[in-house]
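Pasting input-v5.cif here (mmCIF, C-alpha atoms):
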data_entry
loop_
_atom_site.label_atom_id
_atom_site.label_comp_id
_atom_site.auth_asym_id
_atom_site.auth_seq_id
_atom_site.Cartn_x
_atom_site.Cartn_y
_atom_site.Cartn_z
CA MET A 250 21.91 3.42 11.01
CA SER A 251 20.57 0.82 8.59
CA ASP A 252 19.96 0.89 4.90
CA VAL A 253 16.39 1.27 3.73
CA ILE A 254 15.39 -1.72 1.68
CA ARG A 255 13.08 -0.48 -1.04
CA ARG A 256 11.10 -2.57 -3.46
CA PRO A 257 11.14 -1.25 -7.02
CA GLN A 258 8.52 1.00 -8.52
CA ARG A 259 6.44 -1.01 -10.96
CA LYS A 260 5.79 0.35 -14.44
CA LEU A 261 2.32 -0.37 -15.79
CA THR A 262 1.94 -2.02 -19.18
CA ALA A 263 -0.24 -0.42 -21.88
CA ALA A 264 -2.98 -2.98 -21.12
CA GLU A 265 -2.81 -2.14 -17.39
CA TYR A 266 -3.09 1.59 -18.18
CA ASP A 267 -6.27 0.80 -20.13
CA VAL A 268 -7.67 -1.06 -17.12
CA VAL A 269 -6.87 1.89 -14.83
CA ARG A 270 -8.43 4.37 -17.29
CA GLY A 271 -11.66 2.33 -17.20
CA VAL A 272 -12.14 2.75 -13.43
CA LYS A 273 -14.93 5.02 -12.19
CA SER A 274 -13.67 8.42 -11.07
CA LEU A 275 -14.42 8.00 -7.34
CA ASN A 276 -12.77 4.58 -7.22
CA PHE A 277 -9.82 5.94 -9.20
CA HIS A 278 -9.29 8.62 -6.53
CA ARG A 279 -9.48 5.94 -3.84
CA MET A 280 -6.89 3.92 -5.76
CA LEU A 281 -4.62 6.97 -5.89
CA HIS A 282 -5.05 7.65 -2.18
CA LEU A 283 -4.35 4.02 -1.22
CA GLY A 284 -1.40 3.49 -3.58
CA LEU A 285 -3.27 0.82 -5.57
CA VAL A 286 -2.76 2.27 -9.04
CA ASP A 287 0.45 0.26 -9.39
CA PRO A 288 0.48 -2.42 -6.66
CA VAL A 289 3.66 -4.49 -6.34
CA PRO A 290 2.80 -8.10 -5.43
CA ASN A 291 4.81 -10.18 -3.00
CA PRO A 292 5.62 -13.75 -3.97
CA SER A 293 2.55 -15.86 -3.22
CA PRO A 294 2.24 -19.55 -2.37
CA MET A 295 -0.93 -19.47 -4.50
CA SER A 296 -0.89 -19.19 -8.30
CA GLU A 297 -3.03 -16.60 -10.12
CA ASP A 298 -5.42 -19.39 -11.20
CA GLU A 299 -5.74 -20.67 -7.63
CA GLY A 300 -6.41 -17.13 -6.40
CA ALA A 301 -9.07 -16.64 -9.08
CA TRP A 302 -10.72 -19.91 -7.98
CA VAL A 303 -10.79 -18.75 -4.33
CA ARG A 304 -12.26 -15.38 -5.30
CA GLU A 305 -14.94 -17.07 -7.43
CA HIS A 306 -15.92 -19.92 -5.09
CA VAL A 307 -15.04 -18.76 -1.58
CA TRP A 308 -15.33 -15.00 -1.40
CA THR A 309 -18.61 -13.49 -0.22
CA LYS A 310 -20.63 -10.89 -2.15
CA TYR A 311 -19.38 -8.32 0.35
CA LEU A 312 -15.74 -8.95 -0.57
CA HIS A 313 -16.56 -8.82 -4.29
CA HIS A 314 -18.52 -5.58 -3.94
CA ILE A 315 -15.44 -3.75 -2.61
CA ASP A 316 -12.78 -5.60 -4.62
CA ASP A 317 -14.51 -5.20 -7.99
CA GLY A 318 -14.41 -1.40 -7.77
CA TYR A 319 -10.62 -1.30 -8.04
CA ALA A 320 -8.64 -1.97 -11.22
CA PHE A 321 -6.42 -4.58 -9.59
CA GLY A 322 -8.63 -5.44 -6.62
CA PHE A 323 -8.70 -4.15 -3.07
CA TRP A 324 -8.57 -7.12 -0.70
CA ARG A 325 -5.66 -8.69 -2.57
CA TRP A 326 -3.01 -6.18 -1.43
CA ALA A 327 -1.21 -5.93 1.87
CA MET A 328 0.06 -2.52 2.96
CA CYS A 329 3.61 -3.50 1.91
CA GLU A 330 2.38 -4.24 -1.64
CA ARG A 331 1.06 -0.74 -2.35
CA GLY A 332 2.71 1.27 -5.11
CA THR A 333 3.40 4.93 -5.77
CA CYS A 334 1.57 7.78 -4.02
CA TRP A 335 -0.59 10.14 -6.09
CA ASN A 336 1.78 13.11 -5.84
CA CYS A 337 4.76 11.15 -7.15
CA LEU A 338 2.63 9.68 -9.95
CA ASN A 339 1.94 13.27 -11.03
CA GLY A 340 5.61 14.33 -10.86
CA ARG A 341 5.17 16.32 -7.63
CA CYS A 342 7.71 14.42 -5.58
CA GLU A 343 8.24 17.41 -3.27
CA TRP A 344 4.70 16.62 -2.03
CA CYS A 345 5.25 12.84 -1.69
CA MET A 346 2.76 11.84 0.98
CA HIS A 347 5.38 9.92 2.93
CA ARG A 348 7.74 12.89 2.89
CA GLN A 349 4.91 15.05 4.26
CA LYS A 350 4.07 12.48 6.95
CA GLY A 351 7.72 11.91 7.84
CA GLY A 352 7.47 8.16 7.32
CA PRO A 353 5.52 5.21 5.95
CA ASP A 354 1.90 4.21 6.63
CA VAL A 355 1.92 1.27 9.04
CA CYS A 356 -1.00 -1.14 9.48
CA ASN A 357 -2.12 -2.62 12.79
CA ASN A 358 -0.88 -6.10 11.82
CA ALA A 359 -4.41 -7.53 11.82
CA GLU A 360 -7.16 -8.29 9.31
CA THR A 361 -10.84 -8.93 9.74
CA VAL A 362 -12.28 -12.33 8.90
CA PHE A 363 -15.85 -12.15 7.58
CA SER A 364 -18.62 -14.75 7.75
CA HIS A 365 -20.47 -15.95 4.64
CA GLY A 366 -23.06 -13.21 5.31
CA GLY A 367 -20.43 -10.46 5.28
CA ARG A 368 -20.37 -9.96 9.06
CA ARG A 369 -17.19 -9.60 11.05
CA ALA A 370 -16.38 -13.04 12.47
CA ALA A 371 -12.88 -12.69 13.90
CA THR A 372 -9.62 -10.79 13.79
CA LEU A 373 -6.66 -12.51 12.20
CA ILE A 374 -3.14 -11.52 13.32
CA LEU A 375 -1.17 -11.62 10.08
CA ARG A 376 2.31 -11.73 11.54
CA PRO A 377 2.36 -13.51 14.90
CA GLY A 378 5.90 -12.25 15.49
CA GLY A 379 4.56 -8.69 15.55
CA GLU A 380 6.44 -7.52 12.43
CA PRO A 381 4.68 -4.47 10.98
CA CYS A 382 3.31 -4.27 7.45
CA MET A 383 3.69 -0.85 5.87
CA TRP A 384 3.35 1.20 2.73
CA TRP A 385 6.36 3.25 1.67
CA CYS A 386 5.77 5.09 -1.64
CA ARG A 387 7.62 3.26 -4.45
CA CYS A 388 8.89 6.41 -6.15
CA PRO A 389 12.71 6.56 -5.91
CA CYS A 390 12.57 10.21 -4.75
CA ALA A 391 13.85 11.14 -1.29
CA LYS A 392 11.27 10.56 1.44
CA GLY A 393 12.93 12.61 4.18
CA ASP A 394 12.58 16.30 4.98
CA ALA A 395 13.71 18.32 1.95
CA ASP A 396 15.87 20.53 4.22
CA SER A 397 17.55 17.54 5.83
CA ALA A 398 20.39 15.52 4.36
CA ASP A 399 19.02 12.24 5.67
CA THR A 400 15.92 10.25 4.93
CA PRO A 401 14.15 8.12 7.53
CA THR A 402 16.00 4.84 7.57
CA ALA A 403 14.89 1.44 8.76
CA VAL A 404 15.35 -2.23 8.11
CA THR A 405 12.87 -4.64 6.62
CA PRO A 406 11.36 -6.93 9.26
CA PRO A 407 11.37 -10.68 8.54
CA GLY A 408 8.47 -11.61 6.26
CA CYS A 409 7.86 -8.03 5.14
CA SER A 410 9.27 -6.27 2.12
CA ALA A 411 9.08 -2.64 3.22
CA PRO A 412 11.03 -0.62 5.80
CA ALA A 413 10.10 -0.61 9.49
CA PRO A 414 8.36 2.46 10.94
CA VAL A 415 10.23 5.59 11.94
CA SER A 416 9.81 7.26 15.34
CA ARG A 417 6.55 8.95 16.31
CA GLU A 418 8.23 12.37 16.16
CA ASP A 419 9.54 11.72 12.66
CA ARG A 420 6.18 10.37 11.53
CA HIS A 421 4.40 13.60 12.49
CA ARG A 422 7.11 15.96 11.26
CA GLY A 423 6.00 18.03 8.29
CA GLN A 424 2.23 17.53 8.60
CA ASP A 425 1.76 21.28 8.69
CA ARG A 426 3.01 21.29 5.06
CA LEU A 427 0.36 18.90 3.73
CA PRO A 428 -1.41 20.25 0.66
CA GLY A 429 -5.04 21.21 1.21
CA PHE A 430 -7.56 18.80 -0.26
#
Would you mind writing the file out in structure tokens?
Amino acid sequence: MSDVIRRPQRKLTAAEYDVVRGVKSLNFHRMLHLGLVDPVPNPSPMSEDEGAWVREHVWTKYLHHIDDGYAFGFWRWAMCERGTCWNCLNGRCEWCMHRQKGGPDVCNNAETVFSHGGRRAATLILRPGGEPCMWWCRCPCAKGDADSADTPTAVTPPGCSAPAPVSREDRHRGQDRLPGF
């Protein structure tokens, strides 16, 4: 059994809280659902100024249309950079979405490349070695079954800063306890 390597939960500054409060209600709920209220960035080879230049001069209107609706952007965050789930943000850790699912959300290790007109041009494999990219809620609460003494454990794959996926059985355990939305 390996140790779970968890990245810390980020605390928003007062200015960041103001930015989040200014988001339209529907987009705010999307941010909550996707864990983008408090994203935790990975180290980047590009500075913030370089990233801003790329967004201004290279990104298409399509990318801006989606990205601009989120307080801290949408396209800028990989699955492993997502923050705290909505239940934990509201102090309902017993309903942590990853506890209910029995494990983290794992992406398909691919992204879509769009043409200048916003059409799908190609699929880009982000990690040629096949390492998964995943979102594991940043709250320090236990993510395993509340009746069990253990939490799902995994190691962090090379190039990723979140734990590897748990088994299919573990991932589906507890879905009958999801809160109704």
Residues matched by the PyMOL selection byres ((chain A and resi 287-296) around 7) as a short mmCIF file (atom, residue, chain, number, x, y, z; two decimals) with C-alpha atoms, keeping the file's coordinate frame:
data_model
loop_
_atom_site.label_atom_id
_atom_site.label_comp_id
_atom_site.auth_asym_id
_atom_site.auth_seq_id
_atom_site.Cartn_x
_atom_site.Cartn_y
_atom_site.Cartn_z
CA ARG A 259 6.44 -1.01 -10.96
CA LEU A 261 2.32 -0.37 -15.79
CA GLY A 284 -1.40 3.49 -3.58
CA LEU A 285 -3.27 0.82 -5.57
CA VAL A 286 -2.76 2.27 -9.04
CA GLU A 297 -3.03 -16.60 -10.12
CA ASP A 298 -5.42 -19.39 -11.20
CA GLU A 299 -5.74 -20.67 -7.63
CA GLY A 300 -6.41 -17.13 -6.40
CA GLU A 330 2.38 -4.24 -1.64
CA ARG A 331 1.06 -0.74 -2.35
CA GLY A 332 2.71 1.27 -5.11
CA THR A 333 3.40 4.93 -5.77
#
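Going from atom CA of Arg256 of chain A over to atom CA of Thr372 of chain A, you cover 28.2 Å.
Shortest atom-to-atom contact with His278 of chain A among A:Glu265, A:Pro389, A:Ala320, A:Thr309: A:Ala320, counting only C-alpha atoms.
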Requested in this report: Considering all atoms listed in the file, state which residue in the set A:Thr262, A:Asn357, A:Tyr319, A:His314 is at the smallest distance from Ser274 of chain A.
Outcome: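 Smallest distance to Ser274 of chain A is found for A:Tyr319.
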Could you work out an axis-aligned box for segment 277-282 of chain A, taking every atom the file lists and adding 8 Å on each side, and report centre and edge lengths in Å to one decimal, as JSON?
{"center_x": -7.2, "center_y": 6.3, "center_z": -5.7, "size_x": 21.2, "size_y": 20.7, "size_z": 23.0}
Can you list, as a list in words, every protein, DNA or RNA residue that comes within 12 Å of segment 361-363 of chain A when you count only C-alpha atoms, leaving out same-chain residues fewer than 4 positions away?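 Selected residues are Val307, Trp308, Thr309, Lys310, Tyr311, Leu312, Trp324, Asn357, Gly367, Arg368, Arg369, Ala370, Ala371, Thr372, Leu373, Ile374 and Leu375 of chain A.
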### Query
Given the choices A:Glu380, A:Asp317, A:Trp326, A:Trp385, which gets closest to Lys273 of chain A if the distance is worked out from all atoms listed in the file?
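Ranking A:Glu380, A:Asp317, A:Trp326, A:Trp385 by distance to Lys273 of chain A, first place goes to A:Asp317.
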### Query
Using only C-alpha atoms, which of A:Cys390, A:Leu283, A:Ala327, A:Ser364 sits nearest Cys345 of chain A?
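Using only C-alpha atoms, the shortest distance to Cys345 of chain A belongs to A:Cys390.
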For His347 of chain A, the closest of A:Phe321, A:Trp335, A:Trp302, A:Phe277 counting only C-alpha atoms is A:Trp335
note - atom CA of Arg279 of chain A and atom CA of His365 of chain A are separated by 25.9 Å
Nearest to Asn276 of chain A, restricted to all atoms listed in the file and choosing among A:Ala359, A:Trp344, A:Pro381, A:Asp316, comes out as A:Asp316
**Request:** Using atom CA of Asp354 of chain A and atom CA of Cys334 of chain A as the two end points, give the distance in Å to one decimal.
**Result:**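 Taking atom CA of Asp354 of chain A as the start and atom CA of Cys334 of chain A as the end point, the length is 11.2 Å.
For Met328 of chain A, the set of protein, DNA and RNA residues having any atom at most 8 Å away, when counting all atoms listed in the file and skipping those fewer than 4 positions along the same chain, is Asp354, Val355, Cys356, Cys382, Met383 and Trp384 of chain A.
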Could those selected residues go to a file with C-alpha atoms, as a PDB file, in the coordinates of the input?
ATOM      1  CA  ASP A 354       1.900   4.210   6.630  1.00  0.00           C
ATOM      2  CA  VAL A 355       1.920   1.270   9.040  1.00  0.00           C
ATOM      3  CA  CYS A 356      -1.000  -1.140   9.480  1.00  0.00           C
ATOM      4  CA  CYS A 382       3.310  -4.270   7.450  1.00  0.00           C
ATOM      5  CA  MET A 383       3.690  -0.850   5.870  1.00  0.00           C
ATOM      6  CA  TRP A 384       3.350   1.200   2.730  1.00  0.00           C
TER       7      TRP A 384
END
